[in-house]
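Trainee: Mind having a look at this structure? Questions to follow.
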Number of protein chains: 2
Amino acid sequence: MRLAETAAPVAGPDGAPWVSFDTDPSRYRHWTLAVDGPVATLALATQEDGGLHPGYTLKLNSYDLGVDIELHDAVQRLRFEHPEVRAVVLTSGKDGVFCAGANIRMLAQAPHPFKVNFCKFTNETRNAIEDASVHSGQVWLCAVNGTASGGGYELALACEHILLVDDGASAVSLPEVPLLGVLPGTGGLTRIVDKRGVRRDHADFVCTVAEGVRGARAVAWRLVDELAPRSRLAEAVRARAEELAARSDRPADAAGVPLPPLERNLDGTRLAWPNVTVELDRGARLATFTVRGPREPQPAHLDGIHAAGAAWWPLAVARELDDAILLLRFNELELGTWVLRTEGDPAAVAAVDQALLTHDGDWFVREVVLHLKRTLKRLDLTSRSLVALVEPGSCFTGTLLELALAADRTFMLEGSFDPEGPGGPGTGARVGRGGAPEDRADTPPATLSLTGMNLGPLPAANGLSRLENRFLDRPDELEAASARLGEPLEAAEADALGLVTFTYDDIDWADEVRLALEERASLSPDALTGMEASLRFGGPETIETKVFGRLSAWQNWVFQRPNAAGEEGALRRFGTGTRPNFDPRRV
Amino acid sequence: MRLAETAAPVAGPDGAPWVSFDTDPSRYRHWTLAVDGPVATLALATQEDGGLHPGYTLKLNSYDLGVDIELHDAVQRLRFEHPEVRAVVLTSGKDGVFCAGANIRMLAQAPHPFKVNFCKFTNETRNAIEDASVHSGQVWLCAVNGTASGGGYELALACEHILLVDDGASAVSLPEVPLLGVLPGTGGLTRIVDKRGVRRDHADFVCTVAEGVRGARAVAWRLVDELAPRSRLAEAVRARAEELAARSDRPADAAGVPLPPLERNLDGTRLAWPNVTVELDRGARLATFTVRGPREPQPAHLDGIHAAGAAWWPLAVARELDDAILLLRFNELELGTWVLRTEGDPAAVAAVDQALLTHDGDWFVREVVLHLKRTLKRLDLTSRSLVALVEPGSCFTGTLLELALAADRTFMLEGSFDPEGPGGPGTGARVGRGGAPEDRADTPPATLSLTGMNLGPLPAANGLSRLENRFLDRPDELEAASARLGEPLEAAEADALGLVTFTYDDIDWADEVRLALEERASLSPDALTGMEASLRFGGPETIETKVFGRLSAWQNWVFQRPNAAGEEGALRRFGTGTRPNFDPRRV
């Protein structure tokens, strides 16, 4: 899909227009954000001709990726820039309609990978809303002041409290199955049953009836929490928002931390941020991420941390890495393997982790940790093979060790590079090496190191730390690794503790890494996606893993089927006046 | 796919050849079953030209549905016919190969719905193996006496203990991703991580390396439990089998219960067993199941129960219903809605339930309950809409109430039918009515009734009873319903307790039921499949729900993709000498 002229895409590294995620409230086309003391109101009134791609209009407050990019931005800014906001009211700025969900013509014309990426991003944003309610003391409530259908109701489901206007007309509905032949794929099927406890036969009814449910039945069936007549809706919302805000621990008088535009340079085969670079190798279908540890001393005390704001290293890394992940997910579909590297001083990373842990009661530090958590979850959920390379000069410590723990495989060099060895320039060993071997031969052997950040504050989507996820059903190994907190672990020890997959010395390193990456690139991209989605999340399930594992997998299947996406399918036939023609076989 | 001449299909109701699941050890083509005291040995030596469909040969002990139908039969018979068997050794009867998994040419030529049904059935059989190990005191162990690849290794993974021959060549492998571009879809991805605790990076390696892992690494990585040189394998297997057998509570001297062929009549639009009938309505795409309660007095004491054997009503119902589900799943893909009815005396069903509960320590009674459990799970996992109709003359009590609790929706008639009412013949009200209204007008109003069988012995795949599954996050409602154990509940009470979805009186019944069924038939079959798979299993997840929800959904997605199933896809190109041509985009 080409981008619309309204979309203001960024120029990608080779000049092609890229979807970007850059925005701020002054540029919002579709949302207005108003802050009134502890209560913020975020209202959706889509600019109908402001779609990200040509070919559809955003009628009835339907959304596309562009609308959701603004929502994502608002969620982030509310957390960082508005410490005083304790409750967020999500509502519609249009009369008589709350939100009609994802734009159907957009979905019908979108290629399969875009649909999947779009749904993943919208799901992540709804998870971020829930994360704010549960962990940030910024509780979201939804004022459904008109009909909320499909993704519109799913947006409401992401909020902790749903008020529905009781006007005899406004309903909540999930009409995807009856109208479009696809699933409510933004968490609706999971959240009604698992979050709200809607009885499964009621859920079955709701999901097959295009007009949805309104009024008293919507409350009785737990689809919404509260009704209010139109004349009293604003008052009821305000009262509920103030009640929820009163429970928050956010400070009333703190200064917000502005989130300035990211410094980013996309050029040729290199994407560069101050702390993150990504080298693109389209021939080998590789993207090599290098995350840099702090290069300047970082503040250890709260006043310095607040003064640093968005420049504080852990927040800068979270924002830059998040941006890199999103840009590559949407714009570089063929780079199937992401190599994860780090560079820097392990002690500097450990010091930052110490500050994150020491000041975890501070609202801003908490937000930084939560942002790191969400960014790492986004990495876990990216349908690319993840391979971490641990080499001399790296700093896989604590928060950055999570990158290795998120990887499908981690390779670690034993000892140092030999400048005369096989890893010389032109031998293929450049992959994953940050400098020519001769520059790095005197660098001491790589180490890994655990900090308290690996033991809980950064859980994966299944609620486990990545260390627990690695040692499922292996309590002794989990304990043995955890006991080495703070120690620099060279390759042999890291291997013995189960923290890396394979170790190689300099003689084998270049060939082994190259072979592993070439082999990976030769495999079916689809099979890898399904395999990684299955292996990355063992153990317990949560609403998040159900949404991304079960629900999304089914939705992706449905999105492929002629009954939805075919010429005569429901998605293509919607609004044409011609009924879809279904293959009646049940699968 | 047409059936091979070797397959001896049954004639379906309109004469077309149907896949059937009828077999017994005297007719096995692929397996030999030998019983030696407490240890049985089930050995696979496929008859290469004995495939169920033409177009492939079962080389290297690869399997098709026909092979798995025999395995399924053996699992069932071992439980009922061999109370003395306490350990089952699963092995290969061919030299140098254990099992190469599902036959690739069969998969490549199979239409999508068959592939999905085939995988579901094989998964259910592997679950039945685990169920025997955990609940029947009949522990399965696997003697991997040659290479076990793909579905071959997944078969081993279903066993509680895996011995691998240590001959420098035999390996366990999951080569689906590298060789075929599909997933190990018979539980492999889930079981290595969640059942065996294989570390996720090791699992990632295993699943991308066609040759697999052998010897000491296979043990160190927990892929197998034990190694033995070829010369000592038989001895090691016997020793381990006897050790596992010693822990069993199965009786040494009980008489087995033979499972005779089912009495079944397929004729026109009617499938009939003694206790189950299914009426096919191809125009409306409906199948109406009627399960009959006991028509003759059933034994209350163990001697009578054992004497009745396979004729005992609950076992007969379990076997017949299981057969009906399987036949319709494979042979009637277009009948998208299954209407579930019962007929009979509620008190007679309650009396049988009482016997099942009273004698739950008896090995045979236990097996009957476990068979009912597996059959109901098969119903839950069937990709058809399930609608239960509770009418006068029905017996939705205890075990049969599970049918209504398994349904996506349950409708219950308030009061009795009026012979002069709108439900007369020819008005469309015949759907779901077992007789002409005039025959049934004097039948008292329908009731539902809970027995102890609803409170635990028949859990769904997620480990919860269907009652718990209905009242997720609603402990008060669960308690209120449970407290009415044994009481006949008429429509108003059943509705108030949340046990049915909607109730209608005779004036509305026919129209409401007809409209609901017509509406269902108009919806996208694929969207319904994904929706029902999401709504039926709220709450906790188990290996079973992960296999059927997450893993199967991803596999079904992959099975649709050109990278697997297309002309240039890996599944089609396998063995041709030409490499597949992949669309490199990651989704």
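We label chains A, B, ... in the order they appear in the structure tokens, count residues from 1 in each chain, and number ligands from 1 in the order shown.
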Among the residues of region 327-513 of chain A, find those DSSP assigns to strand (DSSP E or B) from the backbone and print them as a list in words.
Mentor: Thr337, Trp338, Val339, Leu340, Arg341, Thr342, Glu343, Ser385, Leu386, Val387, Ala388, Leu389, Val390, Phe396, Thr397, Arg409, Thr410, Phe411, Met412, Leu413, Glu414, Leu448, Ser449, Leu489, Phe502, Thr503, Tyr504 and Asp505 of chain A
Trainee: Please provide as a VMD selection string all residues within 8 Å of region 70-77 of chain A, with the sequence filter that same-chain residues fewer than 4 positions apart are discarded (counting only C-alpha atoms).
Mentor: chain A and resid 23 to 25 28 30 to 31 33 66 81 to 82 125 128 to 129 258 to 259
Trainee: Residues of region 51-240 of chain B in alpha helix (DSSP H) according to DSSP, as a ChimeraX atom specification?
Mentor: /B:65-81,104-109,112-135,151-157,188-190,200-206,215-220,230-240
Trainee: Fewer than 2 positions away in the same chain doesn't count, so skip those; otherwise give me all residues within 12 Å of region 487-494 of chain B, counting only C-alpha atoms, as a ChimeraX atom specification.
Mentor: /B:345-347,350,389-392,394-398,401,404,410-416,444-452,477,480-485,496-505
Trainee: Which residues are close to Asp253 (chain A), i.e. within 10 Å by only C-alpha atoms, leaving aside same-chain residues fewer than 3 positions away? Reply as a short mmCIF file (atom, residue, chain, number, x, y, z; two decimals) with all heavy atoms, in the first residue's frame.
Mentor:
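And here is the file that came out, selection_36.cif:
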data_model
loop_
_atom_site.label_atom_id
_atom_site.label_comp_id
_atom_site.auth_asym_id
_atom_site.auth_seq_id
_atom_site.Cartn_x
_atom_site.Cartn_y
_atom_site.Cartn_z
N PRO A 83 2.26 13.83 34.93
CA PRO A 83 2.22 13.08 36.20
C PRO A 83 0.95 13.36 37.00
O PRO A 83 0.51 12.53 37.78
CB PRO A 83 3.47 13.56 36.95
CG PRO A 83 3.88 14.82 36.26
CD PRO A 83 3.42 14.70 34.84
N GLU A 84 0.37 14.54 36.76
CA GLU A 84 -0.82 14.92 37.55
C GLU A 84 -2.08 14.19 37.10
O GLU A 84 -3.07 14.16 37.83
CB GLU A 84 -1.03 16.44 37.46
CG GLU A 84 -1.67 16.95 36.16
CD GLU A 84 -0.70 17.05 34.97
OE1 GLU A 84 0.42 16.49 35.06
OE2 GLU A 84 -1.08 17.67 33.96
N ARG A 250 -0.13 8.72 41.94
CA ARG A 250 0.67 9.67 41.15
C ARG A 250 0.76 11.00 41.88
O ARG A 250 -0.18 11.42 42.55
CB ARG A 250 0.06 9.86 39.77
CG ARG A 250 0.28 8.68 38.85
CD ARG A 250 -0.45 8.83 37.54
NE ARG A 250 0.22 9.67 36.57
CZ ARG A 250 1.14 9.23 35.71
NH1 ARG A 250 1.54 7.98 35.74
NH2 ARG A 250 1.68 10.05 34.83
N GLY A 256 6.16 17.32 34.67
CA GLY A 256 6.18 16.27 33.66
C GLY A 256 7.51 16.22 32.93
O GLY A 256 8.30 17.16 32.99
#
Trainee: Contacts of region 164-179 of chain A at 6 Å or less, counting only C-alpha atoms, minus same-chain residues fewer than 6 places along, as a list in words?
Mentor: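 In the requested form, the answer reads Val144, Asn145, Gly146, Thr147, Ala148, Ser149, Gly150, Tyr153, Cys207, Thr208, Ala210, Gly212, Val213, Arg214, Gly215, Leu227, Ala228, Pro229 and Arg230 of chain A; Leu523 and Ala527 of chain B.
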Trainee: Could you list, as an MDAnalysis selection string, every residue within 12 Å of Lys59 (chain A), counting only C-alpha atoms and ignoring same-chain residues fewer than 3 positions away?
Mentor: chainID A and resid 30 44:51 56 62:64 94 97:106
Trainee: Restricting the calculation to only C-alpha atoms, which member of B:Trp554, B:Trp313, B:Phe330, B:Phe364 is positioned closest to chain A?
Mentor: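 Of all the options, B:Trp554 lies closest to chain A.
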Trainee: So, counting only C-alpha atoms, which residue among B:Ser92, B:Gln298, B:Asn462, B:Asn117 is closest to chain A?
Mentor: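 Closest to chain A of all the choices is B:Asn117.
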Trainee: Considering only C-alpha atoms, state which residue in the set B:Thr269, B:Ala351, B:Ala307, B:Ala34 is at the smallest distance from Gly15 (chain B).
Mentor: B:Thr269
